[in-house]
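Student: My structure is stored as entry34.csv, with CSV, C-alpha atoms and all ligand atoms.
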```csv
chain,number,residue,atom,x,y,z
A,1,MET,CA,31.6,51.7,-41.2
A,2,SER,CA,35.3,52.2,-40.8
A,3,VAL,CA,37.2,49.0,-40.1
A,4,ALA,CA,39.6,51.0,-38.0
A,5,ALA,CA,37.0,51.0,-35.2
A,6,LEU,CA,36.8,47.2,-35.3
A,7,HIS,CA,39.0,44.4,-34.0
A,8,LYS,CA,41.3,43.4,-37.0
A,9,LYS,CA,41.9,39.9,-38.2
A,10,GLU,CA,44.3,38.4,-40.6
A,11,MET,CA,42.5,35.8,-42.7
A,12,ALA,CA,42.7,34.7,-46.3
A,13,PRO,CA,39.6,35.1,-48.4
A,14,LYS,CA,38.9,31.3,-48.3
A,15,GLU,CA,39.0,31.4,-44.5
A,16,TYR,CA,35.9,33.7,-44.6
A,17,LYS,CA,34.1,31.0,-46.5
A,18,SER,CA,31.8,28.9,-44.2
A,19,ASP,CA,31.6,25.1,-44.4
A,20,VAL,CA,28.2,25.3,-46.3
A,21,SER,CA,28.6,24.3,-49.9
A,22,VAL,CA,27.6,26.8,-52.5
A,23,VAL,CA,24.6,25.6,-54.4
A,24,TRP,CA,24.4,28.1,-57.2
A,25,CYS,CA,24.4,26.8,-60.8
A,26,PRO,CA,27.9,26.5,-62.4
A,27,GLY,CA,28.6,29.7,-64.3
A,28,CYS,CA,26.2,31.9,-62.2
A,29,GLY,CA,27.5,35.4,-61.6
A,30,HIS,CA,26.7,35.1,-57.9
A,31,HIS,CA,29.9,33.0,-57.5
A,32,GLY,CA,32.0,36.0,-58.6
A,33,ILE,CA,30.2,38.4,-56.3
A,34,LEU,CA,30.6,36.0,-53.3
A,35,ASN,CA,34.3,35.8,-54.1
A,36,ALA,CA,34.6,39.5,-54.3
A,37,ILE,CA,32.9,39.9,-50.9
A,38,LEU,CA,35.3,37.3,-49.4
A,39,ARG,CA,38.3,39.2,-50.9
A,40,ALA,CA,37.0,42.5,-49.7
A,41,VAL,CA,36.6,41.5,-46.1
A,42,SER,CA,40.0,39.7,-46.1
A,43,GLU,CA,41.7,42.8,-47.5
A,44,LEU,CA,40.1,45.0,-44.9
A,45,GLY,CA,40.9,42.4,-42.1
A,46,VAL,CA,37.3,42.3,-40.8
A,47,ASP,CA,36.8,40.1,-37.8
A,48,PRO,CA,33.8,37.8,-38.6
A,49,THR,CA,32.5,38.4,-35.1
A,50,ASN,CA,32.2,42.1,-35.9
A,51,MET,CA,30.1,41.5,-39.0
A,52,VAL,CA,26.4,40.7,-39.5
A,53,SER,CA,25.2,39.6,-42.9
A,54,VAL,CA,21.5,39.9,-43.5
A,55,SER,CA,19.4,38.7,-46.5
A,56,GLY,CA,15.9,38.1,-47.7
A,57,ILE,CA,14.9,35.2,-50.0
A,58,GLY,CA,16.4,34.3,-53.4
A,59,CYS,CA,19.5,32.6,-54.8
A,60,SER,CA,21.5,35.7,-53.9
A,61,SER,CA,19.9,35.8,-50.5
A,62,ARG,CA,21.7,32.5,-49.7
A,63,THR,CA,25.0,34.4,-49.5
A,64,PRO,CA,25.2,34.7,-45.7
A,65,TYR,CA,25.2,30.9,-45.4
A,66,PHE,CA,28.5,30.8,-47.3
A,67,MET,CA,30.3,33.4,-45.2
A,68,GLN,CA,31.9,33.5,-41.8
A,69,SER,CA,29.9,36.1,-39.9
A,70,TYR,CA,26.8,36.5,-37.8
A,71,LYS,CA,23.9,36.1,-40.1
A,72,MET,CA,20.1,36.5,-40.5
A,73,HIS,CA,18.2,34.9,-43.4
A,74,THR,CA,14.9,36.8,-43.1
A,75,LEU,CA,11.7,37.2,-45.2
A,76,HIS,CA,11.5,37.9,-48.9
A,77,GLY,CA,11.9,41.6,-49.3
A,78,ARG,CA,12.5,42.4,-45.7
A,79,ALA,CA,16.3,42.2,-45.4
A,80,GLY,CA,16.8,46.0,-45.5
A,81,ALA,CA,14.2,46.6,-42.7
A,82,VAL,CA,15.7,43.9,-40.5
A,83,ALA,CA,19.3,45.0,-41.2
A,84,SER,CA,18.3,48.6,-40.4
A,85,GLY,CA,17.1,47.4,-37.0
A,86,VAL,CA,20.3,45.4,-36.4
A,87,GLN,CA,22.5,48.4,-37.3
A,88,LEU,CA,20.6,50.7,-35.0
A,89,ALA,CA,20.7,48.2,-32.1
A,90,ARG,CA,24.3,47.4,-32.7
A,91,PRO,CA,26.1,50.3,-34.3
A,92,ASP,CA,29.4,48.6,-33.3
A,93,GLN,CA,28.8,45.9,-35.9
A,94,MET,CA,29.5,46.0,-39.7
A,95,VAL,CA,26.1,45.3,-41.3
A,96,VAL,CA,25.9,43.9,-44.8
A,97,VAL,CA,22.8,43.1,-46.9
A,98,THR,CA,23.1,40.7,-49.8
A,99,GLY,CA,20.1,40.1,-52.1
A,100,GLY,CA,18.5,40.1,-55.5
A,101,ASP,CA,16.7,42.5,-57.8
A,102,GLY,CA,13.4,40.8,-57.0
A,103,ASP,CA,14.0,40.9,-53.2
A,104,GLY,CA,15.3,44.5,-53.2
A,105,PHE,CA,13.2,46.2,-55.8
A,106,ALA,CA,10.0,44.2,-56.2
A,107,ILE,CA,8.6,43.0,-52.9
A,108,GLY,CA,11.3,44.9,-50.9
A,109,GLY,CA,11.1,48.1,-52.9
A,110,GLY,CA,9.2,50.0,-50.2
A,111,HIS,CA,12.2,49.8,-47.9
A,112,MET,CA,14.9,51.0,-50.3
A,113,PRO,CA,14.2,54.7,-50.1
A,114,HIS,CA,14.1,54.7,-46.3
A,115,MET,CA,17.5,53.0,-45.8
A,116,ALA,CA,18.9,55.6,-48.2
A,117,ARG,CA,17.3,58.8,-46.8
A,118,ARG,CA,18.0,57.8,-43.3
A,119,ASN,CA,21.6,57.1,-44.2
A,120,ILE,CA,21.7,53.8,-42.2
A,121,ASN,CA,25.3,53.0,-41.7
A,122,MET,CA,25.4,49.7,-43.6
A,123,THR,CA,26.2,48.2,-47.0
A,124,TYR,CA,23.6,46.9,-49.5
A,125,ILE,CA,25.0,44.6,-52.2
A,126,LEU,CA,22.4,43.9,-54.9
A,127,PHE,CA,23.0,40.9,-57.1
A,128,ASP,CA,21.2,42.1,-60.3
A,129,ASN,CA,20.5,39.3,-62.6
A,130,GLY,CA,17.3,40.8,-64.1
A,131,ILE,CA,15.2,37.8,-63.1
A,132,TYR,CA,13.8,35.9,-60.2
A,133,GLY,CA,16.3,33.0,-60.2
A,134,LEU,CA,15.2,31.0,-57.1
A,135,THR,CA,11.6,30.7,-58.3
A,136,LYS,CA,12.7,29.6,-61.8
A,137,GLY,CA,12.6,32.6,-64.0
A,138,GLN,CA,9.9,35.2,-63.6
A,139,TYR,CA,10.7,38.7,-64.9
A,140,SER,CA,11.8,41.3,-62.3
A,141,PRO,CA,11.8,45.1,-62.0
A,142,THR,CA,15.2,45.2,-63.7
A,143,SER,CA,14.4,42.8,-66.6
A,144,ARG,CA,14.8,44.1,-70.0
A,145,ARG,CA,11.7,44.1,-72.2
A,146,GLU,CA,13.4,41.8,-74.7
A,147,LEU,CA,13.6,39.1,-72.0
A,148,LYS,CA,11.2,36.2,-72.7
A,149,ALA,CA,10.8,34.9,-69.2
A,150,TYR,CA,8.4,32.3,-67.7
A,151,THR,CA,5.8,35.0,-66.9
A,152,THR,CA,6.5,37.1,-70.1
A,153,PRO,CA,6.8,34.6,-72.9
A,154,TYR,CA,6.4,37.3,-75.5
A,155,GLY,CA,8.7,39.8,-73.8
A,156,GLY,CA,8.0,42.3,-71.0
A,157,PRO,CA,5.4,45.0,-71.1
A,158,ASP,CA,7.4,47.6,-69.2
A,159,ASP,CA,10.8,49.2,-69.2
A,160,PRO,CA,13.3,48.2,-66.4
A,161,MET,CA,13.9,50.5,-63.5
A,162,ASN,CA,17.2,52.2,-62.9
A,163,PRO,CA,18.5,51.2,-59.5
A,164,LEU,CA,21.4,53.7,-59.5
A,165,LEU,CA,19.2,56.6,-60.3
A,166,TYR,CA,16.7,55.5,-57.6
A,167,MET,CA,19.3,55.2,-54.9
A,168,LEU,CA,20.9,58.5,-55.8
A,169,THR,CA,17.5,60.2,-55.8
A,170,TYR,CA,16.7,58.9,-52.3
A,171,GLY,CA,20.0,60.1,-50.7
A,172,ALA,CA,22.3,57.0,-50.6
A,173,THR,CA,25.8,58.4,-49.7
A,174,TYR,CA,27.8,55.8,-51.6
A,175,VAL,CA,26.6,54.4,-54.9
A,176,ALA,CA,28.7,52.1,-57.2
A,177,GLN,CA,28.2,49.6,-59.9
A,178,ALA,CA,30.1,46.7,-61.5
A,179,PHE,CA,29.4,43.3,-63.0
A,180,ALA,CA,30.3,39.8,-61.7
A,181,GLY,CA,32.9,39.2,-64.5
A,182,LYS,CA,35.2,41.8,-62.9
A,183,PRO,CA,35.9,40.4,-59.4
A,184,LYS,CA,38.7,42.8,-58.7
A,185,VAL,CA,36.6,45.8,-59.5
A,186,CYS,CA,33.7,44.4,-57.5
A,187,ALA,CA,36.0,43.7,-54.5
A,188,ASP,CA,37.4,47.2,-54.6
A,189,LEU,CA,34.0,48.8,-54.7
A,190,ILE,CA,32.7,46.5,-51.9
A,191,LYS,CA,35.7,47.5,-49.8
A,192,GLY,CA,34.9,51.1,-50.3
A,193,ALA,CA,31.3,50.5,-49.4
A,194,LEU,CA,32.2,48.6,-46.2
A,195,GLU,CA,34.6,51.4,-45.2
A,196,HIS,CA,32.1,54.1,-46.0
A,197,LYS,CA,30.3,55.7,-43.0
A,198,GLY,CA,26.6,55.8,-44.1
A,199,PHE,CA,24.4,54.0,-46.5
A,200,SER,CA,26.4,52.4,-49.3
A,201,TYR,CA,24.7,50.7,-52.3
A,202,VAL,CA,26.6,48.5,-54.7
A,203,ASN,CA,24.7,47.3,-57.8
A,204,ILE,CA,26.4,44.2,-59.3
A,205,TYR,CA,25.1,42.8,-62.6
A,206,SER,CA,25.2,39.0,-62.4
A,207,GLN,CA,24.5,36.6,-65.3
A,208,CYS,CA,21.8,34.0,-64.6
A,209,VAL,CA,22.9,31.2,-66.9
A,210,THR,CA,19.7,29.2,-66.3
A,211,TYR,CA,16.7,31.6,-66.6
A,212,ASN,CA,18.0,34.7,-68.3
A,213,ASN,CA,19.4,34.0,-71.8
A,214,ILE,CA,19.9,37.6,-72.9
A,215,ASP,CA,21.9,39.1,-70.1
A,216,THR,CA,25.0,37.0,-70.6
A,217,ILE,CA,28.5,37.7,-69.4
A,218,GLN,CA,29.3,38.9,-72.9
A,219,TYR,CA,26.3,41.2,-72.9
A,220,TYR,CA,27.6,42.8,-69.6
A,221,ARG,CA,31.1,43.1,-71.0
A,222,ASP,CA,29.8,45.1,-73.9
A,223,LEU,CA,27.3,47.0,-71.8
A,224,MET,CA,29.7,48.4,-69.1
A,225,ARG,CA,31.9,51.5,-69.5
A,226,GLU,CA,34.4,52.4,-66.8
A,227,ILE,CA,33.7,55.7,-65.2
A,228,PRO,CA,36.4,58.2,-66.2
A,229,ALA,CA,39.1,58.8,-63.6
A,230,ASP,CA,38.4,62.5,-63.5
A,231,HIS,CA,34.7,62.1,-62.5
A,232,ASP,CA,33.9,64.1,-59.4
A,233,THR,CA,32.3,61.6,-57.0
A,234,THR,CA,30.9,64.3,-54.8
A,235,ASP,CA,28.8,65.8,-57.6
A,236,LEU,CA,25.3,64.4,-57.4
A,237,GLY,CA,24.2,65.9,-60.7
A,238,LYS,CA,27.2,64.3,-62.5
A,239,ALA,CA,26.5,61.0,-60.7
A,240,MET,CA,22.9,61.1,-61.9
A,241,ASP,CA,24.1,61.9,-65.5
A,242,LEU,CA,26.3,58.8,-65.3
A,243,ALA,CA,23.4,56.7,-63.9
A,244,ARG,CA,21.2,57.7,-66.8
A,245,GLY,CA,23.7,56.1,-69.2
A,246,ASP,CA,25.7,57.6,-72.1
A,247,GLY,CA,22.8,57.7,-74.5
A,248,GLU,CA,24.2,54.8,-76.5
A,249,GLY,CA,22.9,52.1,-74.1
A,250,HIS,CA,26.0,51.7,-72.0
A,251,ARG,CA,26.1,51.5,-68.2
A,252,PRO,CA,28.7,53.0,-65.9
A,253,MET,CA,31.1,50.8,-63.9
A,254,GLY,CA,32.9,52.2,-60.8
A,255,LEU,CA,32.1,54.7,-58.0
A,256,LEU,CA,29.5,57.2,-59.0
A,257,TYR,CA,29.0,59.0,-55.8
A,258,GLN,CA,30.3,59.3,-52.2
A,259,VAL,CA,29.7,62.0,-49.6
A,260,GLN,CA,29.9,62.1,-45.8
A,261,GLN,CA,26.7,62.9,-44.0
A,262,GLU,CA,25.4,62.3,-40.5
A,263,THR,CA,24.1,58.7,-40.1
A,264,MET,CA,20.9,57.6,-38.5
A,265,ASP,CA,22.7,56.1,-35.5
A,266,GLU,CA,24.5,59.3,-34.9
A,267,ARG,CA,21.2,61.3,-35.2
A,268,LEU,CA,19.5,59.0,-32.7
A,269,ALA,CA,22.5,59.2,-30.3
A,270,SER,CA,22.2,63.0,-30.4
A,271,ILE,CA,18.5,62.8,-29.5
A,272,VAL,CA,19.2,60.4,-26.6
A,273,LYS,CA,21.8,62.9,-25.4
A,274,LEU,CA,19.3,65.7,-25.8
A,275,VAL,CA,16.9,63.9,-23.4
A,276,GLY,CA,19.5,63.3,-20.8
A,277,GLY,CA,21.2,60.1,-21.9
A,278,SER,CA,20.0,56.6,-21.7
A,279,LYS,CA,20.9,56.2,-18.0
A,280,ASP,CA,18.1,58.6,-17.0
A,281,TYR,CA,15.7,57.5,-19.8
A,282,ASP,CA,12.2,58.1,-18.7
A,283,GLN,CA,9.7,57.8,-21.4
A,284,ASN,CA,6.9,59.6,-19.5
A,285,LYS,CA,9.2,62.5,-18.8
A,286,ILE,CA,9.9,62.9,-22.5
A,287,ILE,CA,6.3,62.5,-23.6
A,288,ASN,CA,5.2,65.1,-21.0
A,289,GLN,CA,7.5,67.7,-22.5
A,290,PHE,CA,5.4,67.6,-25.6
A,291,ARG,CA,2.0,67.6,-23.9
A,292,PRO,CA,0.1,71.0,-24.3
B,301,LIG,C1,6.4,36.6,-49.4
B,301,LIG,C2,7.0,35.8,-50.5
B,301,LIG,N1,6.6,36.0,-51.8
B,301,LIG,C3,7.2,35.3,-52.8
B,301,LIG,C4,8.2,34.4,-52.5
B,301,LIG,C5,8.8,33.6,-53.6
B,301,LIG,N2,10.1,34.0,-54.0
B,301,LIG,C6,11.2,33.5,-53.4
B,301,LIG,S1,12.6,34.2,-54.0
B,301,LIG,C7,11.8,35.1,-55.1
B,301,LIG,C8,12.5,36.1,-56.0
B,301,LIG,C9,13.9,35.9,-56.1
B,301,LIG,O1,14.5,36.8,-57.0
B,301,LIG,P1,15.7,37.7,-56.7
B,301,LIG,O2,15.5,38.4,-55.4
B,301,LIG,O3,16.0,38.5,-57.9
B,301,LIG,O4,16.9,36.7,-56.3
B,301,LIG,P2,17.7,35.7,-57.3
B,301,LIG,O5,17.1,34.4,-57.0
B,301,LIG,O6,17.5,36.1,-58.7
B,301,LIG,O7,19.1,35.8,-56.9
B,301,LIG,C10,10.4,35.0,-54.9
B,301,LIG,C11,9.4,35.7,-55.7
B,301,LIG,C12,8.6,34.3,-51.1
B,301,LIG,N3,9.6,33.4,-50.8
B,301,LIG,N4,8.0,35.0,-50.2
B,302,MG,MG,17.4,38.2,-59.4
```
Represent the structure from my file as structure tokens, please.
Ligand SMILES: Cc1ncc(C[n+]2csc(CCOP(=O)(O)OP(=O)(O)O)c2C)c(N)n1
Ligand SMILES: [Mg+2]
Tutor:
Amino acid sequence: MSVAALHKKEMAPKEYKSDVSVVWCPGCGHHGILNAILRAVSELGVDPTNMVSVSGIGCSSRTPYFMQSYKMHTLHGRAGAVASGVQLARPDQMVVVTGGDGDGFAIGGGHMPHMARRNINMTYILFDNGIYGLTKGQYSPTSRRELKAYTTPYGGPDDPMNPLLYMLTYGATYVAQAFAGKPKVCADLIKGALEHKGFSYVNIYSQCVTYNNIDTIQYYRDLMREIPADHDTTDLGKAMDLARGDGEGHRPMGLLYQVQQETMDERLASIVKLVGGSKDYDQNKIINQFRP
């Protein structure tokens, strides 16, 4: 949502950090993503009392604890569903989900298409470390086959999913990607996502230094290619081409896609208006209209 509609604050990034100490392993990419979020909200001047951060369960899902904002630490895989409810009940708040690849695409995978197709006016930041970090290293929907994880000691039997292609397919109106080793790029993309009206999805690769020994920071440096400056971000077909990769195994970094479309809270507000406004809300009257 646009920060222009919110009360503005002048706070340094570190003032957005809560008193709770960060418990992630030294060298974990999640530190870089947290710092990028703090920088983004500081640069936008978000008042912490105008923001709700929601998460599920996982190392990455601890992020709300470390930030100054209203927060909900919910159930594994259910952050998106809870956040959708928060956003629809309080469209005046900036709603941000932070969570992992397991949380978002394994147990929570069923919620992803619906947040996107409904264009819920909120931001989803996915910390993609290709592993279940919190539970000590099981392979996830974004793990590469080469990864020998706790549950796949001989490597994985299936190919990883493509989160960008998935979110574009289901209608996300802002789709971007970066990796934790580029905090400035991450902060700029998160800023754009927070400012975007509609469902914004930011996929950020994050090295897990404890349980994923192949997706290292160097691996991500070699993997990522900046999206060319002349890329038309309103062209869905071109965004999908980028999301598929360049055929040489590289992945795009930057903003793939952004369009403006009516959001779910706007659509619901129109329906409420259609039935006479919430003041005269009479459920029986509405239901009777549709009775034969
Ligand atoms: C219903 C339920 N099933 C399983 C778990 C165990 N569990 C906790 S976190 C997690 C996966 C975390 O991985 P991810 O979301 O990728 O976050 P990361 O720790 O890698 O940041 C699992 C399986 C749980 N807490 N609740
Ligand atoms: Mg993970």
Student: Would you be able to write out as a PyMOL selection string which residues have an atom within 12 Å of (27.4, 60.0, -51.0) in the file's coordinates, counting only C-alpha atoms?
Tutor: chain A and resi 116-117+119+121+167-176+192-193+196-201+232-237+239-240+255-263
Student: Give me a file of those residues, with C-alpha atoms, as an mmCIF file, in the coordinates of the input.
Tutor:
```
data_model
loop_
_atom_site.group_PDB
_atom_site.id
_atom_site.type_symbol
_atom_site.label_atom_id
_atom_site.label_comp_id
_atom_site.auth_asym_id
_atom_site.auth_seq_id
_atom_site.Cartn_x
_atom_site.Cartn_y
_atom_site.Cartn_z
ATOM 1 C CA ALA A 116 18.900 55.600 -48.200
ATOM 2 C CA ARG A 117 17.300 58.800 -46.800
ATOM 3 C CA ASN A 119 21.600 57.100 -44.200
ATOM 4 C CA ASN A 121 25.300 53.000 -41.700
ATOM 5 C CA MET A 167 19.300 55.200 -54.900
ATOM 6 C CA LEU A 168 20.900 58.500 -55.800
ATOM 7 C CA THR A 169 17.500 60.200 -55.800
ATOM 8 C CA TYR A 170 16.700 58.900 -52.300
ATOM 9 C CA GLY A 171 20.000 60.100 -50.700
ATOM 10 C CA ALA A 172 22.300 57.000 -50.600
ATOM 11 C CA THR A 173 25.800 58.400 -49.700
ATOM 12 C CA TYR A 174 27.800 55.800 -51.600
ATOM 13 C CA VAL A 175 26.600 54.400 -54.900
ATOM 14 C CA ALA A 176 28.700 52.100 -57.200
ATOM 15 C CA GLY A 192 34.900 51.100 -50.300
ATOM 16 C CA ALA A 193 31.300 50.500 -49.400
ATOM 17 C CA HIS A 196 32.100 54.100 -46.000
ATOM 18 C CA LYS A 197 30.300 55.700 -43.000
ATOM 19 C CA GLY A 198 26.600 55.800 -44.100
ATOM 20 C CA PHE A 199 24.400 54.000 -46.500
ATOM 21 C CA SER A 200 26.400 52.400 -49.300
ATOM 22 C CA TYR A 201 24.700 50.700 -52.300
ATOM 23 C CA ASP A 232 33.900 64.100 -59.400
ATOM 24 C CA THR A 233 32.300 61.600 -57.000
ATOM 25 C CA THR A 234 30.900 64.300 -54.800
ATOM 26 C CA ASP A 235 28.800 65.800 -57.600
ATOM 27 C CA LEU A 236 25.300 64.400 -57.400
ATOM 28 C CA GLY A 237 24.200 65.900 -60.700
ATOM 29 C CA ALA A 239 26.500 61.000 -60.700
ATOM 30 C CA MET A 240 22.900 61.100 -61.900
ATOM 31 C CA LEU A 255 32.100 54.700 -58.000
ATOM 32 C CA LEU A 256 29.500 57.200 -59.000
ATOM 33 C CA TYR A 257 29.000 59.000 -55.800
ATOM 34 C CA GLN A 258 30.300 59.300 -52.200
ATOM 35 C CA VAL A 259 29.700 62.000 -49.600
ATOM 36 C CA GLN A 260 29.900 62.100 -45.800
ATOM 37 C CA GLN A 261 26.700 62.900 -44.000
ATOM 38 C CA GLU A 262 25.400 62.300 -40.500
ATOM 39 C CA THR A 263 24.100 58.700 -40.100
#
```
Student: Can you tell me which residues come within 6 Å of ligand MG 302 (chain B) when counting all atoms listed in the file, ideally as a ChimeraX atom specification?
Tutor: /A:100-102,128-133
Student: Neighbouring residues of ligand LIG 301 (chain B) are defined here as those with any atom at most 10 Å from a ligand atom, counting all atoms listed in the file; list them as JSON, numbers by chain.
Tutor: {"A": [24, 28, 29, 30, 55, 56, 57, 58, 59, 60, 61, 62, 63, 74, 75, 76, 77, 78, 98, 99, 100, 101, 102, 103, 104, 105, 106, 107, 108, 126, 127, 128, 129, 130, 131, 132, 133, 134, 135, 136, 137, 138, 139, 140, 141, 142, 143, 206, 207, 208, 211, 212]}
Student: Find the residues around stretch 7-19 of chain A up to 12 Å (all atoms listed in the file counted), leave out those fewer than 5 positions away in its own chain, and share them as a ChimeraX atom specification.
Tutor: /A:2,31,34-51,63-71,92-94,187
Student: Return the single residue from A:Gln87, A:Asn213, A:Gln289, A:Ser270 that is closest to A:Tyr150, with distances computed using only C-alpha atoms.
Tutor: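 Answer, going by the shortest atom-to-atom distance: A:Asn213.
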Student: How far is it from atom CA of A:His73 to atom CA of A:Val52, in Å with one decimal?
Tutor: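 The value is 10.8 Å.
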Student: For atom CA of A:Gly254 and atom CA of A:Glu226, quote the distance in Å rounded to one decimal.
Tutor: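 Result for atom CA of A:Gly254 versus atom CA of A:Glu226: 6.2 Å, one decimal.
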Student: In terms of the shortest atom-to-atom distance over all atoms listed in the file, which of A:Gly181, A:Gly156, A:Gly85, A:Gly80 is closest to A:His114?
Tutor: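 Checking each of A:Gly181, A:Gly156, A:Gly85, A:Gly80 against A:His114, counting all atoms listed in the file, the winner is A:Gly80.
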Student: Just to confirm, what's the straight-line distance from atom CA of A:Arg267 to atom CA of A:Arg118 in Å (one decimal)?
Tutor: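 We find that atom CA of A:Arg267 and atom CA of A:Arg118 lie 9.4 Å from each other.
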Student: Using only C-alpha atoms, determine which residues lie at most 12 Å from A:Glu248, disregarding the query and same-chain residues fewer than 3 positions distant; provide the list as number ranges by chain.
Tutor: A: 222-225, 244-245, 251-252
Student: Which is closer to A:Gly155 than all the others in A:Val202, A:Leu6, A:Met122, A:Ile214, using only C-alpha atoms?
Tutor: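 Counting only C-alpha atoms, the residue closest to A:Gly155 is A:Ile214.
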Student: Closest to A:Ile217 among A:His111, A:Arg144, A:Lys191, A:Lys182, using all atoms listed in the file?
Tutor: A:Lys182
Student: Calculated over all atoms listed in the file, which of the candidates A:Ile287, A:Ala149, A:Leu194, A:Met161 has the smallest distance to A:Tyr124?
Tutor: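 Residue with the minimum atom-to-atom distance to A:Tyr124: A:Leu194.
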Student: Let me make sure I understand: among A:Met253, A:Leu147, A:Val23, A:Met1, which one has the smallest atom-to-atom distance to A:Ala180 if we use only C-alpha atoms?
Tutor: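 Looking only at the distances to A:Ala180, the closest residue turns out to be A:Met253.
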